[in-house]
>>> print(open('protein-v2.cif').read())   # mmCIF, C-alpha atoms
data_work
loop_
_atom_site.label_atom_id
_atom_site.label_comp_id
_atom_site.auth_asym_id
_atom_site.auth_seq_id
_atom_site.Cartn_x
_atom_site.Cartn_y
_atom_site.Cartn_z
CA MET A 1103 -5.28 -25.38 -22.22
CA LYS A 1104 -4.75 -21.72 -23.05
CA ARG A 1105 -2.99 -19.70 -20.37
CA HIS A 1106 -4.18 -16.10 -20.49
CA LEU A 1107 -2.07 -13.14 -19.53
CA THR A 1108 -1.76 -12.17 -15.91
CA PRO A 1109 -2.89 -8.74 -14.62
CA ALA A 1110 0.76 -7.72 -14.22
CA GLN A 1111 1.49 -8.67 -17.85
CA PHE A 1112 -1.55 -6.71 -19.02
CA VAL A 1113 -0.36 -3.67 -17.08
CA ASP A 1114 3.18 -3.93 -18.44
CA LEU A 1115 1.86 -4.26 -22.00
CA ALA A 1116 -0.63 -1.40 -21.63
CA GLU A 1117 2.02 0.88 -20.20
CA GLY A 1118 4.53 -0.12 -22.85
CA VAL A 1119 6.99 -1.57 -20.37
CA GLN A 1120 6.86 -4.90 -22.17
CA PRO A 1121 6.59 -5.25 -25.97
CA GLU A 1122 3.70 -7.28 -27.32
CA SER A 1123 6.14 -9.45 -29.23
CA SER A 1124 7.51 -10.76 -25.94
CA LEU A 1125 4.23 -12.56 -25.27
CA PRO A 1126 3.37 -14.87 -28.19
CA HIS A 1127 0.12 -15.83 -26.51
CA LEU A 1128 -1.28 -12.42 -27.36
CA ALA A 1129 -1.07 -13.08 -31.09
CA THR A 1130 -3.21 -16.18 -30.78
CA CYS A 1131 -5.72 -15.13 -28.08
CA GLU A 1132 -8.56 -12.92 -29.16
CA ALA A 1133 -9.85 -12.49 -25.57
CA CYS A 1134 -6.52 -11.19 -24.28
CA ARG A 1135 -6.17 -8.81 -27.22
CA ARG A 1136 -9.64 -7.48 -26.53
CA ASP A 1137 -8.92 -7.06 -22.81
CA LEU A 1138 -5.70 -5.23 -23.60
CA ALA A 1139 -7.51 -2.89 -26.00
CA ASP A 1140 -10.19 -2.20 -23.38
CA MET A 1141 -7.56 -1.50 -20.82
CA ARG A 1142 -5.80 1.00 -23.05
CA ALA A 1143 -9.12 2.67 -23.85
CA MET A 1144 -9.91 3.08 -20.15
CA MET A 1145 -6.46 4.48 -19.45
CA SER A 1146 -7.02 6.97 -22.23
CA ALA A 1147 -10.48 7.88 -20.89
CA ALA A 1148 -9.14 8.31 -17.38
CA ASP A 1149 -6.26 10.35 -18.70
CA THR A 1150 -8.55 12.91 -20.27
CA ALA A 1151 -10.63 13.37 -17.12
CA GLY A 1152 -8.62 16.08 -15.47
CA ALA A 1153 -9.65 17.23 -12.03
CA PRO A 1154 -11.41 20.58 -12.09
CA GLU A 1155 -9.03 23.35 -11.25
CA PRO A 1156 -10.28 25.39 -8.31
CA SER A 1157 -10.26 29.15 -8.31
CA PRO A 1158 -6.74 30.65 -8.22
CA LEU A 1159 -7.66 32.23 -4.90
CA PHE A 1160 -8.27 28.81 -3.40
CA TRP A 1161 -4.59 27.96 -2.98
CA ASP A 1162 -3.85 30.92 -0.74
CA HIS A 1163 -7.06 30.21 1.13
CA LEU A 1164 -5.94 26.60 1.70
CA SER A 1165 -2.51 27.74 2.87
CA ALA A 1166 -4.12 30.16 5.30
CA ARG A 1167 -6.41 27.44 6.66
CA VAL A 1168 -3.48 25.11 7.19
CA ARG A 1169 -1.45 27.89 8.83
CA GLU A 1170 -4.28 28.60 11.27
CA ALA A 1171 -4.77 24.93 12.06
CA VAL A 1172 -1.04 24.42 12.63
CA ALA A 1173 -0.89 27.48 14.86
CA ALA A 1174 -3.82 26.14 16.89
CA VAL A 1175 -2.04 22.81 17.30
CA ALA A 1176 1.19 24.54 18.33
CA ASP A 1177 -0.69 26.64 20.88
CA GLU A 1178 -2.44 23.57 22.20
CA ASP A 1179 0.87 21.73 22.56
CA ALA A 1180 2.45 24.68 24.36
CA ARG A 1181 -0.42 25.11 26.82
CA PRO A 1182 0.29 23.83 30.35
CA ARG A 1183 -1.94 20.89 31.14
CA SER A 1184 -3.60 19.75 34.30
CA TRP A 1185 -2.64 16.35 35.68
CA ARG A 1186 -5.95 14.98 34.42
CA GLU A 1187 -5.33 16.14 30.85
CA ARG A 1188 -1.81 14.76 30.98
CA LEU A 1189 -3.13 11.44 32.24
CA LEU A 1190 -5.71 11.30 29.48
CA GLN A 1191 -3.13 11.73 26.74
CA PRO A 1192 -2.89 8.50 24.73
CA LEU A 1193 0.86 8.18 25.31
CA VAL A 1194 0.28 8.28 29.06
CA LEU A 1195 -3.13 6.72 29.39
CA VAL A 1196 -2.49 3.61 27.31
CA PRO A 1197 0.68 2.46 29.15
CA SER A 1198 -0.94 3.31 32.49
CA LEU A 1199 -4.01 1.25 31.69
CA ALA A 1200 -1.87 -1.56 30.34
CA GLY A 1201 0.17 -1.55 33.54
CA ALA A 1202 -2.92 -1.57 35.72
CA ILE A 1203 -4.42 -4.43 33.73
CA ALA A 1204 -1.15 -6.36 33.94
CA VAL A 1205 -1.06 -5.95 37.72
CA ALA A 1206 -4.70 -7.02 38.01
CA LEU A 1207 -4.07 -10.07 35.82
CA LEU A 1208 -1.00 -10.95 37.83
CA ALA A 1209 -2.95 -10.76 41.05
CA VAL A 1210 -5.63 -13.05 39.61
CA LEU A 1211 -3.41 -15.49 37.75
CA VAL A 1212 -0.54 -16.01 40.19
CA PRO A 1213 -1.32 -19.41 41.71
CA ARG A 1214 -1.83 -19.40 45.41
CA ALA A 1215 -0.73 -22.25 47.63
CA PRO A 1216 -3.82 -24.13 48.74
CA LEU A 1217 -4.54 -23.99 52.43
CA THR A 1218 -3.68 -27.53 53.45
CA THR A 1219 -3.27 -26.85 57.09
CA THR A 1220 -5.84 -25.87 59.60
CA LEU A 1221 -5.30 -23.15 62.08
CA PRO A 1222 -5.05 -24.35 65.67
CA SER A 1223 -8.23 -23.86 67.59
CA THR A 1224 -6.25 -22.94 70.65
CA PRO A 1225 -5.34 -19.27 70.63
CA LEU A 1226 -1.64 -18.64 70.50
CA SER A 1227 -0.16 -17.06 73.50
CA VAL A 1228 2.11 -14.06 73.13
CA ALA A 1229 3.71 -14.75 76.46
CA GLY A 1230 7.26 -15.89 76.74
CA ASN A 1231 6.45 -19.52 76.09
CA ALA A 1232 4.54 -20.62 73.07
CA VAL A 1233 1.46 -22.76 73.42
CA LEU A 1234 1.96 -25.78 71.24
CA PRO A 1235 -1.08 -26.74 69.22
CA THR A 1236 -2.23 -30.23 69.83
CA ALA A 1237 -5.14 -30.53 67.41
CA SER A 1238 -3.16 -30.22 64.19
CA PRO A 1239 -0.49 -32.86 63.67
CA SER A 1240 0.50 -31.46 60.27
CA LEU A 1241 1.90 -28.29 61.78
CA PRO A 1242 5.48 -28.40 63.02
CA PRO A 1243 6.02 -27.40 66.63
CA LEU A 1244 6.58 -23.70 67.12
CA ALA A 1245 9.83 -22.46 68.56
CA PRO A 1246 9.64 -20.37 71.69
CA PHE A 1247 8.43 -16.92 70.70
CA GLY A 1248 11.16 -14.31 70.65
CA ALA A 1249 14.10 -16.73 70.40
CA THR A 1250 16.98 -15.20 68.45
CA ASP A 1251 17.00 -17.99 65.86
CA ASP A 1252 13.23 -18.18 65.55
CA PRO A 1253 12.55 -18.63 61.79
CA GLN A 1254 8.96 -17.42 62.25
CA LEU A 1255 10.17 -14.15 63.63
CA SER A 1256 12.66 -13.80 60.75
CA LEU A 1257 9.86 -14.33 58.29
CA VAL A 1258 7.65 -11.83 60.06
CA ALA A 1259 10.43 -9.28 60.05
CA ALA A 1260 11.16 -9.85 56.39
CA VAL A 1261 7.52 -9.55 55.42
CA ALA A 1262 7.00 -6.46 57.50
CA THR A 1263 9.95 -4.68 55.93
CA ALA A 1264 9.24 -5.80 52.35
CA GLY A 1265 8.56 -2.80 50.18
CA GLU A 1266 6.59 -4.48 47.44
CA TRP A 1267 4.10 -7.28 47.16
CA ASP A 1268 6.46 -9.33 44.99
CA GLU A 1269 9.21 -8.93 47.53
CA MET A 1270 6.89 -9.99 50.33
CA ARG A 1271 5.68 -12.98 48.37
CA ASP A 1272 9.27 -14.06 47.77
CA GLU A 1273 10.01 -13.79 51.43
CA VAL A 1274 7.08 -16.02 52.21
CA ALA A 1275 7.95 -18.50 49.49
CA LEU A 1276 11.59 -18.74 50.54
CA ALA A 1277 10.91 -19.13 54.23
CA THR A 1278 11.35 -22.67 55.46
CA GLY A 1279 10.67 -24.73 58.48
CA GLY A 1280 7.59 -23.11 59.94
CA SER A 1281 3.85 -22.96 59.73
CA SER A 1282 3.62 -19.25 59.15
CA ASP A 1283 4.88 -19.59 55.55
CA ALA A 1284 2.03 -21.91 54.66
CA VAL A 1285 -0.47 -19.72 56.46
CA ALA A 1286 0.78 -16.43 55.02
CA GLY A 1287 0.97 -17.91 51.53
CA ALA A 1288 -2.64 -19.00 51.70
CA LEU A 1289 -4.05 -15.67 52.77
CA THR A 1290 -6.21 -13.63 50.42
CA ALA A 1291 -4.93 -10.32 49.15
CA ASP A 1292 -7.00 -8.41 51.69
CA GLU A 1293 -5.82 -10.61 54.50
CA GLN A 1294 -2.24 -10.19 53.39
CA ARG A 1295 -2.62 -6.44 53.35
CA ALA A 1296 -4.13 -6.48 56.83
CA LEU A 1297 -1.38 -8.79 58.05
CA ARG A 1298 1.25 -6.57 56.56
CA ARG A 1299 -0.22 -3.54 58.24
CA LEU A 1300 -0.46 -5.23 61.61
CA LEU A 1301 3.05 -6.57 61.36
CA ALA A 1302 4.42 -3.23 60.36
CA GLU A 1303 2.76 -1.65 63.36
CA GLU A 1304 4.09 -4.36 65.60
CA MET A 1305 7.59 -4.14 64.22
CA ALA A 1306 7.59 -0.41 64.73
CA ARG A 1307 7.62 -1.13 68.45
CA PRO A 1308 10.90 -3.01 69.02
CA ARG A 1309 10.88 -2.26 72.76
CA ALA A 1310 7.69 -4.23 73.21
CA LEU A 1311 9.27 -7.29 71.63
CA GLU A 1312 12.44 -6.93 73.63
CA SER A 1313 10.49 -6.70 76.87
CA ARG A 1314 8.72 -9.97 76.05
CA SER A 1315 11.91 -11.94 75.57
CA MET B 415 34.79 30.36 0.49
CA ALA B 416 32.61 30.43 3.59
CA VAL B 417 30.02 27.64 3.82
CA MET B 418 26.56 28.84 4.81
CA SER B 419 24.87 27.02 7.65
CA ALA B 420 21.36 25.69 7.09
CA ARG B 421 20.00 28.54 9.21
CA GLU B 422 21.50 31.13 6.89
CA ILE B 423 20.12 29.61 3.70
CA PRO B 424 16.73 31.06 2.74
CA VAL B 425 14.00 28.46 3.28
CA ALA B 426 13.11 28.61 -0.38
CA ASP B 427 16.57 27.29 -1.25
CA LEU B 428 16.60 24.42 1.21
CA ASP B 429 16.53 20.88 -0.10
CA GLU B 430 13.75 18.60 1.07
CA GLN B 431 15.40 17.10 4.14
CA ARG B 432 16.75 20.45 5.29
CA LEU B 433 13.33 21.96 4.82
CA VAL B 434 11.87 19.27 7.05
CA ASP B 435 14.61 19.92 9.61
CA ALA B 436 13.82 23.62 9.46
CA CYS B 437 10.14 22.84 10.13
CA LEU B 438 11.08 20.73 13.11
CA ALA B 439 13.33 23.51 14.38
CA GLY B 440 10.35 25.85 14.18
CA ARG B 441 11.88 28.07 11.54
CA ALA B 442 9.39 30.66 10.34
CA GLY B 443 7.87 30.00 6.95
CA ALA B 444 9.35 26.53 6.56
CA PHE B 445 6.12 24.59 6.85
CA ASP B 446 4.31 27.20 4.77
CA LEU B 447 6.73 26.37 2.00
CA VAL B 448 6.00 22.65 2.33
CA VAL B 449 2.31 23.43 1.99
CA GLU B 450 2.88 25.72 -0.96
CA ARG B 451 4.95 23.16 -2.82
CA HIS B 452 2.60 20.25 -2.33
CA ARG B 453 -0.89 21.72 -1.91
CA ARG B 454 -1.95 21.25 -5.52
CA ALA B 455 -0.90 17.60 -5.67
CA VAL B 456 -2.48 16.85 -2.30
CA TYR B 457 -5.71 18.59 -3.21
CA GLN B 458 -5.94 16.78 -6.54
CA LEU B 459 -5.32 13.44 -4.89
CA CYS B 460 -8.10 14.16 -2.40
CA TYR B 461 -10.41 15.48 -5.07
CA ARG B 462 -10.02 12.38 -7.19
CA PHE B 463 -10.78 10.31 -4.17
CA VAL B 464 -13.85 12.05 -2.84
CA GLY B 465 -15.11 13.70 -6.01
CA ASN B 466 -16.10 17.07 -4.62
CA HIS B 467 -14.40 20.31 -3.76
CA GLU B 468 -15.63 20.74 -0.18
CA ASP B 469 -14.42 17.38 1.07
CA ALA B 470 -11.22 17.63 -0.95
CA SER B 471 -10.51 20.99 0.63
CA ASP B 472 -11.14 19.73 4.17
CA LEU B 473 -9.10 16.62 3.53
CA SER B 474 -6.20 18.62 2.16
CA GLN B 475 -6.08 20.68 5.32
CA ASP B 476 -6.28 17.50 7.37
CA VAL B 477 -3.42 15.93 5.41
CA PHE B 478 -1.12 18.89 6.08
CA LEU B 479 -2.07 18.99 9.72
CA ARG B 480 -1.28 15.28 10.09
CA ALA B 481 1.97 15.87 8.24
CA TYR B 482 2.89 18.70 10.60
CA ARG B 483 2.24 16.51 13.62
CA GLY B 484 4.14 13.57 12.16
CA LEU B 485 7.01 15.45 10.57
CA GLY B 486 9.42 14.11 13.16
CA ARG B 487 8.81 10.62 11.79
CA PHE B 488 9.74 11.56 8.22
CA ARG B 489 13.04 9.80 7.63
CA GLY B 490 13.66 10.75 4.04
CA GLY B 491 13.36 7.14 2.87
CA SER B 492 10.91 8.36 0.24
CA SER B 493 10.27 11.79 -1.19
CA LEU B 494 8.21 14.21 0.85
CA ALA B 495 5.54 14.06 -1.86
CA THR B 496 5.25 10.28 -1.57
CA TRP B 497 5.10 10.59 2.21
CA LEU B 498 2.32 13.16 1.89
CA TYR B 499 0.48 10.89 -0.56
CA ARG B 500 0.63 8.13 2.02
CA ILE B 501 -0.95 10.40 4.59
CA GLY B 502 -3.44 11.60 1.99
CA VAL B 503 -4.49 8.11 0.92
CA ASN B 504 -4.99 7.09 4.55
CA ALA B 505 -7.05 10.20 5.24
CA CYS B 506 -9.11 9.59 2.10
CA LEU B 507 -9.64 5.91 2.87
CA ASN B 508 -10.83 6.85 6.35
CA ARG B 509 -13.14 9.45 4.91
CA VAL B 510 -14.69 7.22 2.26
CA ALA B 511 -15.13 4.48 4.84
CA ALA B 512 -17.07 6.88 7.05
CA LYS B 513 -18.97 8.80 4.44
CA LYS B 514 -20.42 8.16 1.02
CA PRO B 515 -18.73 10.57 -1.35
CA ILE B 516 -20.73 13.41 -2.83
CA THR B 517 -19.65 13.59 -6.41
CA GLU B 518 -19.72 16.75 -8.42
CA ASP B 519 -22.61 17.94 -10.52
CA ILE B 520 -22.57 17.51 -14.23
CA ASP B 521 -22.14 21.29 -14.38
CA ALA B 522 -18.81 21.28 -12.57
CA ARG B 523 -16.40 23.44 -14.45
CA GLN B 524 -12.79 22.85 -15.29
CA HIS B 525 -10.44 25.75 -15.70
CA VAL B 526 -8.30 24.43 -18.52
CA ASP B 527 -6.94 25.97 -21.63
CA THR B 528 -9.90 26.08 -23.93
CA ALA B 529 -8.65 28.68 -26.32
CA ARG B 530 -8.54 26.31 -29.27
CA GLU B 531 -11.57 24.32 -28.30
CA SER B 532 -15.06 24.89 -29.60
CA GLN B 533 -17.84 25.46 -27.12
CA VAL B 534 -19.45 22.13 -27.99
CA ASP B 535 -16.21 20.22 -27.66
CA ARG B 536 -15.54 21.81 -24.33
CA VAL B 537 -18.96 20.89 -22.97
CA LEU B 538 -18.59 17.32 -24.23
CA ARG B 539 -15.16 17.00 -22.69
CA GLU B 540 -16.38 18.30 -19.38
CA GLU B 541 -19.28 15.89 -19.37
CA ARG B 542 -16.99 12.99 -20.15
CA GLY B 543 -14.69 14.07 -17.37
CA VAL B 544 -17.54 14.19 -14.88
CA ARG B 545 -18.69 10.71 -15.88
CA VAL B 546 -15.21 9.26 -15.61
CA ARG B 547 -14.62 10.88 -12.23
CA ALA B 548 -17.97 9.60 -10.99
CA ALA B 549 -17.01 6.10 -12.14
CA ILE B 550 -13.65 6.39 -10.39
CA ALA B 551 -15.41 7.51 -7.21
CA GLN B 552 -17.40 4.25 -7.27
CA LEU B 553 -14.33 2.01 -7.38
CA PRO B 554 -13.35 0.01 -4.30
CA PRO B 555 -10.99 2.14 -2.18
CA LYS B 556 -7.73 0.32 -2.91
CA GLN B 557 -8.41 0.20 -6.63
CA ARG B 558 -9.33 3.86 -6.55
CA ALA B 559 -6.16 4.76 -4.68
CA THR B 560 -4.05 2.76 -7.10
CA LEU B 561 -5.67 4.27 -10.17
CA VAL B 562 -5.42 7.83 -8.86
CA LEU B 563 -1.80 7.50 -7.78
CA ARG B 564 -0.80 5.86 -11.05
CA MET B 565 -2.79 7.84 -13.58
CA TYR B 566 -2.85 11.30 -12.03
CA GLN B 567 -0.07 11.54 -9.49
CA GLU B 568 2.16 9.50 -11.82
CA LEU B 569 3.75 7.41 -9.10
CA SER B 570 5.57 4.25 -10.13
CA HIS B 571 4.09 0.90 -9.12
CA GLU B 572 6.89 0.57 -6.58
CA GLU B 573 6.06 3.94 -5.04
CA ILE B 574 2.37 3.07 -4.92
CA ALA B 575 3.25 -0.18 -3.19
CA GLY B 576 5.13 1.88 -0.62
CA VAL B 577 2.23 4.27 -0.13
CA LEU B 578 -0.37 1.52 0.18
CA GLY B 579 1.81 -0.90 2.09
CA SER B 580 1.33 -3.68 -0.44
CA SER B 581 3.37 -5.56 -3.04
CA VAL B 582 4.04 -4.40 -6.58
CA GLY B 583 2.11 -7.43 -7.83
CA ALA B 584 -0.90 -6.41 -5.75
CA VAL B 585 -0.64 -2.86 -7.08
CA LYS B 586 -0.64 -4.07 -10.69
CA ALA B 587 -3.57 -6.37 -9.98
CA ASN B 588 -5.50 -3.51 -8.38
CA PHE B 589 -4.72 -1.28 -11.34
CA PHE B 590 -5.85 -3.94 -13.78
CA HIS B 591 -9.11 -4.55 -11.90
CA ALA B 592 -9.70 -0.80 -11.46
CA LEU B 593 -9.59 -0.33 -15.23
CA GLY B 594 -11.83 -3.36 -15.70
CA ASN B 595 -14.40 -1.95 -13.27
CA LEU B 596 -14.15 1.44 -14.91
CA LYS B 597 -15.05 -0.19 -18.19
CA LYS B 598 -18.06 -1.86 -16.60
CA SER B 599 -19.27 1.49 -15.24
CA LEU B 600 -18.67 3.36 -18.47
CA GLY B 601 -19.51 0.48 -20.74
CA SER B 602 -22.47 2.15 -22.37
CA ASP B 603 -20.60 5.37 -23.08
CA GLU B 604 -19.38 4.74 -26.60
CA ASP B 605 -17.72 8.12 -26.84
CA LEU B 606 -15.42 7.23 -23.99
CA LYS B 607 -13.92 4.25 -25.75
#
>>> encode(input="protein-v2.cif", output="structure tokens")
Amino acid sequence: MKRHLTPAQFVDLAEGVQPESSLPHLATCEACRRDLADMRAMMSAADTAGAPEPSPLFWDHLSARVREAVAAVADEDARPRSWRERLLQPLVLVPSLAGAIAVALLAVLVPRAPLTTTLPSTPLSVAGNAVLPTASPSLPPLAPFGATDDPQLSLVAAVATAGEWDEMRDEVALATGGSSDAVAGALTADEQRALRRLLAEEMARPRALESRS
Amino acid sequence: MAVMSAREIPVADLDEQRLVDACLAGRAGAFDLVVERHRRAVYQLCYRFVGNHEDASDLSQDVFLRAYRGLGRFRGGSSLATWLYRIGVNACLNRVAAKKPITEDIDARQHVDTARESQVDRVLREERGVRVRAAIAQLPPKQRATLVLRMYQELSHEEIAGVLGSSVGAVKANFFHALGNLKKSLGSDEDLK
């Protein structure tokens, strides 16, 4: 089977980079010789088709147009911008949007612990002694409220002082030996925000806690 | 002998990289000189791409404006001309993708040296030129870019590969097919062969 020349070989031959003698196939293949001749003819035709030369005045006109456009860009760059314009700049807007989307995805995709426990139907007392729930055997007994080694209170304090959601989530995840970790971990985002707010308000009143103990 | 700092050297005497640095430093007249040195080549590249003066003129301005904005990214890995061609080809490809080119009339005039040319020869040459340029304007964009950069801007295949972001083999293949398609378009024009 005859192997014809490749496009690269045709180009090298047509441009004189490669001598015809280096490719013996050419001497025996009429089709390749014809293609090479056509290619040279088209190069010659293209070569003679010079672009029309514009008026000599055009070059200064083009330079002036570019100068004006560049000056406009420089002025625009130097102009003080409002916060909205700054936000809408691609270099600011794109990372901001990407960050917002990442946070939203994180909030949706981070697996939540399923709520496996049921809240006691008996309201918890905030008096000195805790009311132990009797209807839910899966919940561990609560320590007396306000005890110095109460892990629930430690968790509440840690959550209330956590600066960020991630920090708060870690506090909840790391807390052990109580029901509040399971409950807090199973709350929705809105519930967690409300809890955080309530706890922060509560923790801002240390005297009230002290008076209870 | 005292060595002149770049600031003391007239912009016209600065080498390419120093001229770019002077532009970035906001030195007066530096970017004007870049435009002056490269405007003809940029315009011709654009003209060969879009086939008419109006679009070529607008595109040339656009190319220099993009160059001004992106000058900080010019690293000197290629010549400034090649870098401008890259911007020009991208601008032209965007333009031809968005708009069908308006090619010149058969009456378009070329200002070339015609002193030794008869009137008839000149008219014939101009008509041939218009037909060839119209055929080039019909080529697929990458083939057109390759043909223009090789035949008229006289870039090497390696430089074209750099401008188009492709391999040398792909450039040669595009060049080969561009000439083949040109032949198909101009096939009936015996006087062009």
>>> closest_atom_pairs(input="protein-v2.cif", of="chain B", to="chain A", cutoff="9 Å", atoms="all atoms listed in the file", output="Markdown table")
| residue | atom | partner | partner_atom | distance |
| --- | --- | --- | --- | --- |
| B:Phe445 | CA | A:Arg1169 | CA | 8.5 |
| B:Asp446 | CA | A:Arg1169 | CA | 7.1 |
| B:Val449 | CA | A:Ser1165 | CA | 6.5 |
| B:Glu450 | CA | A:Ser1165 | CA | 6.9 |
| B:Arg453 | CA | A:Trp1161 | CA | 7.3 |
| B:Arg454 | CA | A:Trp1161 | CA | 7.6 |
| B:Gln458 | CA | A:Ala1153 | CA | 6.6 |
| B:Tyr461 | CA | A:Ala1153 | CA | 7.2 |
| B:Arg462 | CA | A:Ala1153 | CA | 6.9 |
| B:Gly465 | CA | A:Ala1153 | CA | 8.9 |
| B:His467 | CA | A:Pro1156 | CA | 8.0 |
| B:Ser471 | CA | A:Leu1164 | CA | 7.3 |
| B:Asp472 | CA | A:Leu1164 | CA | 9.0 |
| B:Ser474 | CA | A:Leu1164 | CA | 8.0 |
| B:Gln475 | CA | A:Val1168 | CA | 5.5 |
| B:Asp476 | CA | A:Val1168 | CA | 8.1 |
| B:Phe478 | CA | A:Val1168 | CA | 6.7 |
| B:Leu479 | CA | A:Val1172 | CA | 6.2 |
| B:Tyr482 | CA | A:Val1172 | CA | 7.2 |
| B:Arg483 | CA | A:Val1175 | CA | 8.5 |
| B:Ala522 | CA | A:Pro1154 | CA | 7.4 |
| B:Arg523 | CA | A:Pro1154 | CA | 6.2 |
| B:Gln524 | CA | A:Pro1154 | CA | 4.2 |
| B:His525 | CA | A:Glu1155 | CA | 5.2 |
| B:Val526 | CA | A:Glu1155 | CA | 7.4 |
| B:Arg539 | CA | A:Ala1151 | CA | 8.0 |
| B:Glu540 | CA | A:Ala1151 | CA | 7.9 |
| B:Arg542 | CA | A:Ala1151 | CA | 7.1 |
| B:Gly543 | CA | A:Ala1151 | CA | 4.1 |
| B:Val544 | CA | A:Ala1151 | CA | 7.3 |
| B:Arg545 | CA | A:Ala1151 | CA | 8.6 |
| B:Val546 | CA | A:Ala1151 | CA | 6.3 |
| B:Arg547 | CA | A:Ala1151 | CA | 6.8 |
| B:Ile550 | CA | A:Ala1148 | CA | 8.5 |
| B:Leu561 | CA | A:Ala1148 | CA | 9.0 |
| B:Met565 | CA | A:Asp1149 | CA | 6.7 |
| B:Tyr566 | CA | A:Asp1149 | CA | 7.6 |
| B:Val582 | CA | A:Ala1110 | CA | 9.0 |
| B:Gly583 | CA | A:Ala1110 | CA | 6.5 |
| B:Ala584 | CA | A:Ala1110 | CA | 8.7 |
| B:Val585 | CA | A:Ala1110 | CA | 8.7 |
| B:Lys586 | CA | A:Ala1110 | CA | 5.3 |
| B:Ala587 | CA | A:Pro1109 | CA | 5.3 |
| B:Asn588 | CA | A:Pro1109 | CA | 8.6 |
| B:Phe589 | CA | A:Val1113 | CA | 7.6 |
| B:Phe590 | CA | A:Pro1109 | CA | 5.7 |
| B:His591 | CA | A:Pro1109 | CA | 8.0 |
| B:Leu593 | CA | A:Met1144 | CA | 6.0 |
| B:Gly594 | CA | A:Met1141 | CA | 6.9 |
| B:Leu596 | CA | A:Met1144 | CA | 6.9 |
| B:Lys597 | CA | A:Met1144 | CA | 6.4 |
| B:Leu600 | CA | A:Met1144 | CA | 8.9 |
| B:Leu606 | CA | A:Ala1147 | CA | 5.9 |
| B:Lys607 | CA | A:Ala1143 | CA | 5.4 |
>>> resolve_selection(input="protein-v2.cif", expression="the PyMOL selection byres ((chain B and resi 421-435) around 9)", output="ChimeraX atom specification")
/B:418-420,436-445,447-448,485-486,488-490,493-494
>>> atom_distance(input="protein-v2.cif", atom1="atom CA of Phe463 of chain B", atom2="atom CA of Leu507 of chain B")
8.4 Å
>>> atom_distance(input="protein-v2.cif", atom1="atom CA of Arg558 of chain B", atom2="atom CA of Val503 of chain B")
9.9 Å
>>> atom_distance(input="protein-v2.cif", atom1="atom CA of Thr560 of chain B", atom2="atom CA of Trp497 of chain B")
15.2 Å
>>> resolve_selection(input="protein-v2.cif", expression="the PyMOL selection byres ((chain A and resi 1106) around 8)", output="PDB file with C-alpha atoms, in the coordinates of the input")
ATOM      1  CA  LYS A1104      -4.750 -21.720 -23.050  1.00  0.00           C
ATOM      2  CA  ARG A1105      -2.990 -19.700 -20.370  1.00  0.00           C
ATOM      3  CA  LEU A1107      -2.070 -13.140 -19.530  1.00  0.00           C
ATOM      4  CA  THR A1108      -1.760 -12.170 -15.910  1.00  0.00           C
ATOM      5  CA  HIS A1127       0.120 -15.830 -26.510  1.00  0.00           C
ATOM      6  CA  CYS A1131      -5.720 -15.130 -28.080  1.00  0.00           C
ATOM      7  CA  CYS A1134      -6.520 -11.190 -24.280  1.00  0.00           C
TER       8      CYS A1134
END
>>> build_atoms(input="protein-v2.cif", residues="segment 1120-1129 of chain A", atoms="N, CA and C atoms", output="PDB file, in the frame of the given file")
ATOM      1  N   GLN A1120       6.527  -3.635 -21.524  1.00  0.00           N
ATOM      2  CA  GLN A1120       6.860  -4.900 -22.170  1.00  0.00           C
ATOM      3  C   GLN A1120       6.317  -4.875 -23.595  1.00  0.00           C
ATOM      4  N   PRO A1121       7.111  -5.246 -24.589  1.00  0.00           N
ATOM      5  CA  PRO A1121       6.590  -5.250 -25.970  1.00  0.00           C
ATOM      6  C   PRO A1121       5.634  -6.430 -26.194  1.00  0.00           C
ATOM      7  N   GLU A1122       4.670  -6.212 -27.054  1.00  0.00           N
ATOM      8  CA  GLU A1122       3.700  -7.280 -27.320  1.00  0.00           C
ATOM      9  C   GLU A1122       4.373  -8.527 -27.892  1.00  0.00           C
ATOM     10  N   SER A1123       5.456  -8.312 -28.610  1.00  0.00           N
ATOM     11  CA  SER A1123       6.140  -9.450 -29.230  1.00  0.00           C
ATOM     12  C   SER A1123       6.743 -10.394 -28.192  1.00  0.00           C
ATOM     13  N   SER A1124       6.895  -9.905 -26.977  1.00  0.00           N
ATOM     14  CA  SER A1124       7.510 -10.760 -25.940  1.00  0.00           C
ATOM     15  C   SER A1124       6.501 -11.780 -25.395  1.00  0.00           C
ATOM     16  N   LEU A1125       5.248 -11.618 -25.759  1.00  0.00           N
ATOM     17  CA  LEU A1125       4.230 -12.560 -25.270  1.00  0.00           C
ATOM     18  C   LEU A1125       3.486 -13.158 -26.464  1.00  0.00           C
ATOM     19  N   PRO A1126       3.974 -14.264 -26.974  1.00  0.00           N
ATOM     20  CA  PRO A1126       3.370 -14.870 -28.190  1.00  0.00           C
ATOM     21  C   PRO A1126       1.899 -15.235 -28.002  1.00  0.00           C
ATOM     22  N   HIS A1127       1.512 -15.461 -26.765  1.00  0.00           N
ATOM     23  CA  HIS A1127       0.120 -15.830 -26.510  1.00  0.00           C
ATOM     24  C   HIS A1127      -0.854 -14.772 -27.048  1.00  0.00           C
ATOM     25  N   LEU A1128      -0.413 -13.531 -26.956  1.00  0.00           N
ATOM     26  CA  LEU A1128      -1.280 -12.420 -27.360  1.00  0.00           C
ATOM     27  C   LEU A1128      -1.694 -12.531 -28.831  1.00  0.00           C
ATOM     28  N   ALA A1129      -0.782 -13.009 -29.658  1.00  0.00           N
ATOM     29  CA  ALA A1129      -1.070 -13.080 -31.090  1.00  0.00           C
ATOM     30  C   ALA A1129      -2.136 -14.130 -31.389  1.00  0.00           C
TER      31      ALA A1129
END
